[in-house]
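Engineer: Structure file model_36.pdb, PDB, C-alpha atoms and all ligand atoms, is pasted below:
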ATOM      1  CA  MET A   1     109.858 104.813  94.664
ATOM      2  CA  LYS A   2     110.623 108.504  95.153
ATOM      3  CA  ALA A   3     109.621 111.215  92.648
ATOM      4  CA  GLU A   4     112.610 113.457  91.958
ATOM      5  CA  ARG A   5     112.385 117.176  91.200
ATOM      6  CA  TRP A   6     112.080 116.590  87.450
ATOM      7  CA  GLU A   7     108.775 115.319  86.093
ATOM      8  CA  GLY A   8     108.884 111.610  85.297
ATOM      9  CA  VAL A   9     112.192 111.000  87.123
ATOM     10  CA  TYR A  10     112.176 108.437  89.935
ATOM     11  CA  SER A  11     114.770 106.989  92.318
ATOM     12  CA  PHE A  12     114.700 104.136  94.826
ATOM     13  CA  GLU A  13     116.449 105.523  97.895
ATOM     14  CA  ASP A  14     113.477 104.269  99.908
ATOM     15  CA  SER A  15     114.296 100.665  98.974
ATOM     16  CA  PRO A  16     116.880  99.352 101.479
ATOM     17  CA  PHE A  17     117.633  96.280  99.358
ATOM     18  CA  LEU A  18     118.333  98.315  96.196
ATOM     19  CA  MET A  19     120.509 100.651  98.289
ATOM     20  CA  GLU A  20     122.464  97.646  99.604
ATOM     21  CA  ILE A  21     123.121  96.480  96.020
ATOM     22  CA  LEU A  22     124.184 100.033  95.118
ATOM     23  CA  THR A  23     126.550 100.125  98.109
ATOM     24  CA  GLU A  24     128.294  96.982  96.871
ATOM     25  CA  LEU A  25     128.553  98.424  93.356
ATOM     26  CA  ARG A  26     130.082 101.638  94.730
ATOM     27  CA  ASP A  27     132.649  99.823  96.902
ATOM     28  CA  GLU A  28     136.086 100.005  95.250
ATOM     29  CA  ARG A  29     136.892  96.531  96.621
ATOM     30  CA  THR A  30     134.075  94.922  94.585
ATOM     31  CA  GLY A  31     135.668  92.938  91.749
ATOM     32  CA  PRO A  32     134.198  92.308  88.277
ATOM     33  CA  ILE A  33     132.333  89.088  89.161
ATOM     34  CA  ALA A  34     130.450  90.655  92.072
ATOM     35  CA  PHE A  35     130.036  93.897  90.119
ATOM     36  CA  ARG A  36     128.343  92.132  87.195
ATOM     37  CA  LYS A  37     126.200  90.086  89.598
ATOM     38  CA  GLY A  38     125.175  93.321  91.337
ATOM     39  CA  LEU A  39     124.113  94.879  88.038
ATOM     40  CA  VAL A  40     122.059  91.781  87.136
ATOM     41  CA  LYS A  41     120.374  91.841  90.549
ATOM     42  CA  LEU A  42     119.678  95.569  90.360
ATOM     43  CA  GLY A  43     118.238  95.182  86.841
ATOM     44  CA  ARG A  44     115.882  92.470  88.035
ATOM     45  CA  TYR A  45     114.543  94.549  90.950
ATOM     46  CA  MET A  46     114.287  97.745  88.923
ATOM     47  CA  ALA A  47     112.221  95.834  86.351
ATOM     48  CA  TYR A  48     110.016  94.537  89.151
ATOM     49  CA  GLU A  49     109.510  98.132  90.379
ATOM     50  CA  LEU A  50     108.757  99.225  86.813
ATOM     51  CA  THR A  51     105.968  96.652  86.498
ATOM     52  CA  LYS A  52     104.158  98.548  89.285
ATOM     53  CA  THR A  53     103.769 101.445  86.820
ATOM     54  CA  MET A  54     102.482  99.206  84.001
ATOM     55  CA  GLU A  55      98.913  98.565  82.879
ATOM     56  CA  THR A  56      97.376  95.382  84.207
ATOM     57  CA  GLU A  57      94.309  93.391  83.231
ATOM     58  CA  LYS A  58      92.001  91.165  85.268
ATOM     59  CA  VAL A  59      91.710  87.660  83.850
ATOM     60  CA  PRO A  60      89.733  84.627  84.913
ATOM     61  CA  VAL A  61      91.808  81.690  86.140
ATOM     62  CA  LYS A  62      90.668  78.169  86.943
ATOM     63  CA  THR A  63      92.470  76.528  89.859
ATOM     64  CA  PRO A  64      92.077  72.750  90.313
ATOM     65  CA  LEU A  65      89.228  73.678  92.710
ATOM     66  CA  GLU A  66      87.326  76.615  91.244
ATOM     67  CA  GLU A  67      87.411  79.661  89.021
ATOM     68  CA  THR A  68      88.771  82.923  90.445
ATOM     69  CA  GLU A  69      90.090  86.265  89.299
ATOM     70  CA  GLY A  70      93.719  86.624  88.276
ATOM     71  CA  VAL A  71      95.836  89.402  86.822
ATOM     72  CA  ILE A  72      98.310  89.866  84.001
ATOM     73  CA  VAL A  73     100.662  92.818  83.524
ATOM     74  CA  ARG A  74      99.539  93.638  79.982
ATOM     75  CA  ASP A  75     102.394  96.064  79.211
ATOM     76  CA  ARG A  76     104.970  93.404  80.067
ATOM     77  CA  ARG A  77     104.007  91.707  76.768
ATOM     78  CA  ASN A  78     105.046  94.767  74.745
ATOM     79  CA  VAL A  79     108.551  95.712  75.795
ATOM     80  CA  VAL A  80     111.664  96.606  73.842
ATOM     81  CA  ILE A  81     114.946  96.837  75.773
ATOM     82  CA  ILE A  82     117.741  98.857  74.184
ATOM     83  CA  THR A  83     121.095  97.760  75.614
ATOM     84  CA  VAL A  84     123.809 100.421  75.499
ATOM     85  CA  LEU A  85     127.224  98.751  75.276
ATOM     86  CA  ARG A  86     129.186  97.894  77.282
ATOM     87  CA  ALA A  87     127.993  98.444  80.814
ATOM     88  CA  ALA A  88     124.290  97.745  80.202
ATOM     89  CA  ILE A  89     124.875  94.072  79.300
ATOM     90  CA  PRO A  90     124.497  92.754  82.894
ATOM     91  CA  LEU A  91     121.739  95.299  83.627
ATOM     92  CA  MET A  92     119.768  94.025  80.618
ATOM     93  CA  GLU A  93     120.292  90.439  81.771
ATOM     94  CA  GLY A  94     118.516  91.364  85.004
ATOM     95  CA  LEU A  95     115.743  93.396  83.358
ATOM     96  CA  ILE A  96     114.873  90.578  80.970
ATOM     97  CA  LYS A  97     114.394  88.097  83.820
ATOM     98  CA  VAL A  98     111.222  90.021  84.721
ATOM     99  CA  LEU A  99     110.441  91.479  81.274
ATOM    100  CA  ASP A 100     110.874  88.125  79.596
ATOM    101  CA  HIS A 101     108.774  88.899  76.505
ATOM    102  CA  ALA A 102     111.118  91.730  75.546
ATOM    103  CA  ARG A 103     112.542  92.265  72.110
ATOM    104  CA  VAL A 104     116.093  93.556  72.426
ATOM    105  CA  GLY A 105     118.057  96.206  70.582
ATOM    106  CA  ILE A 106     121.811  96.671  70.915
ATOM    107  CA  VAL A 107     123.565  99.999  70.466
ATOM    108  CA  SER A 108     127.266 100.668  70.909
ATOM    109  CA  ALA A 109     128.173 104.028  72.403
ATOM    110  CA  SER A 110     131.555 105.157  73.550
ATOM    111  CA  ARG A 111     132.107 108.498  75.226
ATOM    112  CA  GLY A 112     135.191 110.522  74.282
ATOM    113  CA  LYS A 113     137.240 112.654  76.659
ATOM    114  CA  ALA A 114     136.320 115.966  78.331
ATOM    115  CA  PRO A 115     135.430 118.677  77.502
ATOM    116  CA  LYS A 116     133.643 117.562  74.298
ATOM    117  CA  PHE A 117     132.488 114.073  75.383
ATOM    118  CA  GLU A 118     131.867 113.135  71.756
ATOM    119  CA  ILE A 119     129.881 109.932  71.390
ATOM    120  CA  GLU A 120     130.971 107.304  68.917
ATOM    121  CA  MET A 121     127.990 105.167  67.949
ATOM    122  CA  ASN A 122     128.834 102.704  65.224
ATOM    123  CA  TYR A 123     126.706  99.611  65.899
ATOM    124  CA  VAL A 124     122.935  99.966  65.951
ATOM    125  CA  LYS A 125     120.482  97.041  65.819
ATOM    126  CA  ILE A 126     117.009  98.081  66.920
ATOM    127  CA  PRO A 127     113.807  96.086  66.369
ATOM    128  CA  GLU A 128     110.538  97.602  65.170
ATOM    129  CA  ILE A 129     108.982  99.916  67.762
ATOM    130  CA  ARG A 130     105.163  99.748  67.899
ATOM    131  CA  PRO A 131     102.655 102.208  69.414
ATOM    132  CA  GLU A 132     101.796  99.768  72.228
ATOM    133  CA  ASP A 133     105.456  99.261  73.255
ATOM    134  CA  THR A 134     107.265 100.357  76.386
ATOM    135  CA  VAL A 135     110.814 101.024  75.240
ATOM    136  CA  ILE A 136     113.419 100.736  77.985
ATOM    137  CA  VAL A 137     116.846 102.173  77.297
ATOM    138  CA  ALA A 138     119.238 100.449  79.693
ATOM    139  CA  ASP A 139     122.430 102.275  80.635
ATOM    140  CA  PRO A 140     123.807 102.170  84.189
ATOM    141  CA  MET A 141     125.326 105.675  84.178
ATOM    142  CA  ILE A 142     123.729 108.995  83.205
ATOM    143  CA  ALA A 143     126.644 111.403  83.599
ATOM    144  CA  THR A 144     126.697 114.310  81.116
ATOM    145  CA  GLY A 145     123.708 112.697  79.376
ATOM    146  CA  SER A 146     125.520 112.899  76.009
ATOM    147  CA  THR A 147     125.311 109.145  75.395
ATOM    148  CA  LEU A 148     121.615 108.883  76.165
ATOM    149  CA  ILE A 149     120.684 111.957  74.128
ATOM    150  CA  LYS A 150     122.340 110.384  71.086
ATOM    151  CA  VAL A 151     120.812 106.953  71.755
ATOM    152  CA  LEU A 152     117.318 108.431  72.308
ATOM    153  CA  ASP A 153     117.614 110.491  69.079
ATOM    154  CA  GLU A 154     118.399 107.238  67.260
ATOM    155  CA  VAL A 155     115.708 105.123  68.985
ATOM    156  CA  LYS A 156     113.009 107.644  68.011
ATOM    157  CA  ARG A 157     113.762 107.023  64.322
ATOM    158  CA  TYR A 158     112.394 103.455  64.713
ATOM    159  CA  GLY A 159     108.868 104.375  65.858
ATOM    160  CA  LYS A 160     106.799 106.147  68.493
ATOM    161  CA  PRO A 161     106.231 103.927  71.560
ATOM    162  CA  LYS A 162     103.630 104.217  74.305
ATOM    163  CA  ARG A 163     106.397 104.949  76.840
ATOM    164  CA  LEU A 164     110.093 105.694  76.524
ATOM    165  CA  VAL A 165     111.903 104.869  79.757
ATOM    166  CA  VAL A 166     115.554 105.044  80.776
ATOM    167  CA  VAL A 167     116.637 102.562  83.447
ATOM    168  CA  GLY A 168     119.991 103.168  85.099
ATOM    169  CA  VAL A 169     121.917 102.869  88.323
ATOM    170  CA  LEU A 170     123.164 106.408  88.953
ATOM    171  CA  ALA A 171     122.470 109.796  87.410
ATOM    172  CA  ALA A 172     124.057 113.204  87.836
ATOM    173  CA  PRO A 173     121.630 116.157  88.024
ATOM    174  CA  GLU A 174     123.450 117.746  85.036
ATOM    175  CA  GLY A 175     122.736 114.687  82.871
ATOM    176  CA  ILE A 176     119.055 114.558  83.809
ATOM    177  CA  GLU A 177     118.666 118.297  83.038
ATOM    178  CA  ARG A 178     120.163 117.801  79.584
ATOM    179  CA  ILE A 179     118.090 114.718  78.764
ATOM    180  CA  LYS A 180     114.855 116.310  79.963
ATOM    181  CA  SER A 181     115.448 119.497  77.972
ATOM    182  CA  ARG A 182     115.932 117.521  74.744
ATOM    183  CA  HIS A 183     113.513 114.625  75.410
ATOM    184  CA  PRO A 184     110.970 115.934  77.974
ATOM    185  CA  GLU A 185     108.619 112.950  77.606
ATOM    186  CA  VAL A 186     111.291 110.420  78.604
ATOM    187  CA  GLU A 187     110.832 108.792  82.020
ATOM    188  CA  VAL A 188     113.944 108.035  84.068
ATOM    189  CA  PHE A 189     114.214 105.291  86.717
ATOM    190  CA  VAL A 190     117.537 105.204  88.576
ATOM    191  CA  ALA A 191     118.566 103.696  91.896
ATOM    192  CA  LYS A 192     119.868 107.104  92.998
ATOM    193  CA  VAL A 193     120.543 110.618  91.769
ATOM    194  CA  ASP A 194     124.093 111.440  92.875
ATOM    195  CA  ARG A 195     125.630 114.814  93.786
ATOM    196  CA  GLU A 196     127.523 116.103  90.743
ATOM    197  CA  LEU A 197     130.054 115.485  87.979
ATOM    198  CA  ASN A 198     133.799 115.986  88.307
ATOM    199  CA  ASP A 199     135.810 117.807  85.607
ATOM    200  CA  LYS A 200     136.365 114.522  83.751
ATOM    201  CA  GLY A 201     132.624 113.900  83.565
ATOM    202  CA  TYR A 202     132.522 111.184  86.237
ATOM    203  CA  ILE A 203     129.618 110.971  88.661
ATOM    204  CA  LEU A 204     130.415 111.807  92.327
ATOM    205  CA  PRO A 205     130.386 109.895  94.605
ATOM    206  CA  GLY A 206     129.494 107.447  91.811
ATOM    207  CA  LEU A 207     130.990 104.026  91.256
ATOM    208  CA  GLY A 208     133.753 104.750  88.753
ATOM    209  CA  ASP A 209     133.744 103.573  85.160
ATOM    210  CA  ALA A 210     130.932 101.041  85.029
ATOM    211  CA  GLY A 211     132.167  99.372  81.814
ATOM    212  CA  ASP A 212     135.719  98.955  83.131
ATOM    213  CA  ARG A 213     134.538  97.695  86.510
ATOM    214  CA  ALA A 214     132.276  95.094  84.901
ATOM    215  CA  PHE A 215     134.597  93.936  82.128
ATOM    216  CA  GLY A 216     138.120  95.293  82.788
ATOM    217  CA  ALA A 217     139.790  98.341  81.243
ATOM    218  CA  PRO A 218     140.260  98.006  77.488
ATOM    219  CA  VAL A 219     143.775  98.240  76.036
ATOM    220  CA  LYS A 220     144.312 101.005  73.491
ATOM    221  CA  LEU A 221     146.696  99.740  70.787
ATOM    222  CA  GLN A 222     148.974 102.334  69.143
TER
HETATM  223  O1  LIG B   1     126.203 110.429  80.256
HETATM  224  P1  LIG B   1     127.529 110.319  79.599
HETATM  225  O2  LIG B   1     128.451 111.449  79.969
HETATM  226  O3  LIG B   1     127.416 110.169  78.122
HETATM  227  O4  LIG B   1     128.262 109.041  80.179
HETATM  228  C1  LIG B   1     127.604 107.837  80.387
HETATM  229  C2  LIG B   1     128.163 106.743  79.555
HETATM  230  O5  LIG B   1     129.480 106.433  79.972
HETATM  231  C3  LIG B   1     129.587 105.019  80.116
HETATM  232  O6  LIG B   1     129.896 104.417  78.910
HETATM  233  P2  LIG B   1     131.370 104.486  78.257
HETATM  234  O7  LIG B   1     131.408 105.521  77.167
HETATM  235  O8  LIG B   1     132.395 104.592  79.323
HETATM  236  O9  LIG B   1     131.460 103.097  77.512
HETATM  237  P3  LIG B   1     131.671 101.634  78.151
HETATM  238  O10 LIG B   1     130.349 101.218  78.738
HETATM  239  O11 LIG B   1     132.082 100.804  77.004
HETATM  240  O12 LIG B   1     132.743 101.753  79.195
HETATM  241  C4  LIG B   1     128.215 104.640  80.580
HETATM  242  O13 LIG B   1     127.935 103.268  80.448
HETATM  243  C5  LIG B   1     127.324 105.508  79.741
HETATM  244  O14 LIG B   1     126.969 104.934  78.507
HETATM  245  O1  LIG B   2     130.837 108.109  86.429
HETATM  246  C1  LIG B   2     130.766 107.683  85.262
HETATM  247  C2  LIG B   2     130.522 108.522  84.165
HETATM  248  C3  LIG B   2     130.443 107.983  82.928
HETATM  249  N1  LIG B   2     130.592 106.662  82.760
HETATM  250  C4  LIG B   2     130.826 105.840  83.801
HETATM  251  O2  LIG B   2     130.968 104.624  83.632
HETATM  252  N2  LIG B   2     130.912 106.371  85.037
HETATM  253 MG    MG B   3     133.372 103.252  80.228
END
What is this file in structure tokens?
Structural biologist:
Amino acid sequence: MKAERWEGVYSFEDSPFLMEILTELRDERTGPIAFRKGLVKLGRYMAYELTKTMETEKVPVKTPLEETEGVIVRDRRNVVIITVLRAAIPLMEGLIKVLDHARVGIVSASRGKAPKFEIEMNYVKIPEIRPEDTVIVADPMIATGSTLIKVLDEVKRYGKPKRLVVVGVLAAPEGIERIKSRHPEVEVFVAKVDRELNDKGYILPGLGDAGDRAFGAPVKLQ
């Protein structure tokens, strides 16, 4: 885990296996089945990395032979995952394999075209957020940050958690700057921070449109 130049922002360039998954996700030849599988896999390993930053507790455990000391990851019991449609569906599937006690919220967010990048958010189902909770907002791509700013504004209306964490695949520096200036306490865990955004708001080198690559491009009816 590598600390980035913003406080509370971490990437995993030092993890060869996560970088191999990212390489497959980036590859334009990767079809939707392998792309979704890659997101599930990445979600699972990111969650595993996240548990290393969680509070643990020593517990006694009795083996068939004798009593010894064991451990539980206490914070794993108090997790809420907020899934940002569409692209976070497979990422959440991976996260929840490790964070299996999680309560799950679903939020729809669709980004409009440049230069405004207006966010349409018309489906919001979020469970109660308690002071002991770690809330994980799952969204593979942090590009302009517009989506996450709106989602985080909304999530905060449901309670004040112990930790508010964004888990993603790629982030652009511009998006992180914007999120951190509006929500400085938010922690960000991404596989990698990429170079920049293009004029259409896509991350470079990036992986393209994560939602379309996972599920196919939607048809716009007239
Ligand atoms: O940081 P931003 O500039 O807001 O962009 C990031 C958002 O763009 C993508 O969603 P999109 O709106 O394409 O929806 P989709 O997942 O349904 O394709 C992605 O999954 C993020 O939610
Ligand atoms: O590069 C990008 C930017 C926004 N949304 C995506 O899916 N990809
Ligand atoms: Mg999309």
Engineer: For a test of reading the model, state the distance in Å between CA of Lys192 in chain A and CA of Leu18 in chain A, rounded to one decimal.
Structural biologist: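 One can read the CA of Lys192 in chain A to CA of Leu18 in chain A distance as 9.5 Å.
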Engineer: Give the residue list for ligand LIG 1 (chain B) at 6 Å, counting all atoms listed in the file, as a list in words, sorted by chain and then by residue number.
Structural biologist: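 Listing the residues within 6 Å of ligand LIG 1 (chain B) gives Leu85, Arg86, Ala87, Ala109, Ser110, Arg111, Asp139, Pro140, Met141, Ile142, Ala143, Thr144, Gly145, Ser146, Thr147, Ala210, Gly211 and Asp212 of chain A.
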Engineer: Based on the selection just made, write C-alpha atoms of those residues as a PDB file, in the frame of the given file.
Structural biologist:
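This went into out_37.pdb:
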ATOM      1  CA  LEU A  85     127.224  98.751  75.276  1.00  0.00           C
ATOM      2  CA  ARG A  86     129.186  97.894  77.282  1.00  0.00           C
ATOM      3  CA  ALA A  87     127.993  98.444  80.814  1.00  0.00           C
ATOM      4  CA  ALA A 109     128.173 104.028  72.403  1.00  0.00           C
ATOM      5  CA  SER A 110     131.555 105.157  73.550  1.00  0.00           C
ATOM      6  CA  ARG A 111     132.107 108.498  75.226  1.00  0.00           C
ATOM      7  CA  ASP A 139     122.430 102.275  80.635  1.00  0.00           C
ATOM      8  CA  PRO A 140     123.807 102.170  84.189  1.00  0.00           C
ATOM      9  CA  MET A 141     125.326 105.675  84.178  1.00  0.00           C
ATOM     10  CA  ILE A 142     123.729 108.995  83.205  1.00  0.00           C
ATOM     11  CA  ALA A 143     126.644 111.403  83.599  1.00  0.00           C
ATOM     12  CA  THR A 144     126.697 114.310  81.116  1.00  0.00           C
ATOM     13  CA  GLY A 145     123.708 112.697  79.376  1.00  0.00           C
ATOM     14  CA  SER A 146     125.520 112.899  76.009  1.00  0.00           C
ATOM     15  CA  THR A 147     125.311 109.145  75.395  1.00  0.00           C
ATOM     16  CA  ALA A 210     130.932 101.041  85.029  1.00  0.00           C
ATOM     17  CA  GLY A 211     132.167  99.372  81.814  1.00  0.00           C
ATOM     18  CA  ASP A 212     135.719  98.955  83.131  1.00  0.00           C
TER      19      ASP A 212
END
Engineer: Any idea what's packed within 9 Å of range 24-39 of chain A, counting all atoms listed in the file, ignoring anything in its chain fewer than 2 positions away? Could you give it as a PyMOL selection string?
Structural biologist: chain A and resi 19-22+41-44+87-94+140+169+205-208+210+212-216
Engineer: Between A:Ile82, A:Ala138, A:Ala102, A:Val151, single out the one closest to Leu170 in chain A, counting only C-alpha atoms.
Structural biologist: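 Result for the nearest residue to Leu170 in chain A: A:Ala138.
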Engineer: Please evaluate the PyMOL selection byres (((chain A and resi 105) around 7) and not hetatm) against the displayed coordinates and give the resulting residues as a ChimeraX atom specification.
Structural biologist: /A:81-83,103-104,106-107,125-127
Engineer: CA of Arg178 in chain A and CA of Val9 in chain A are how many Å apart?
Structural biologist: 12.9 Å
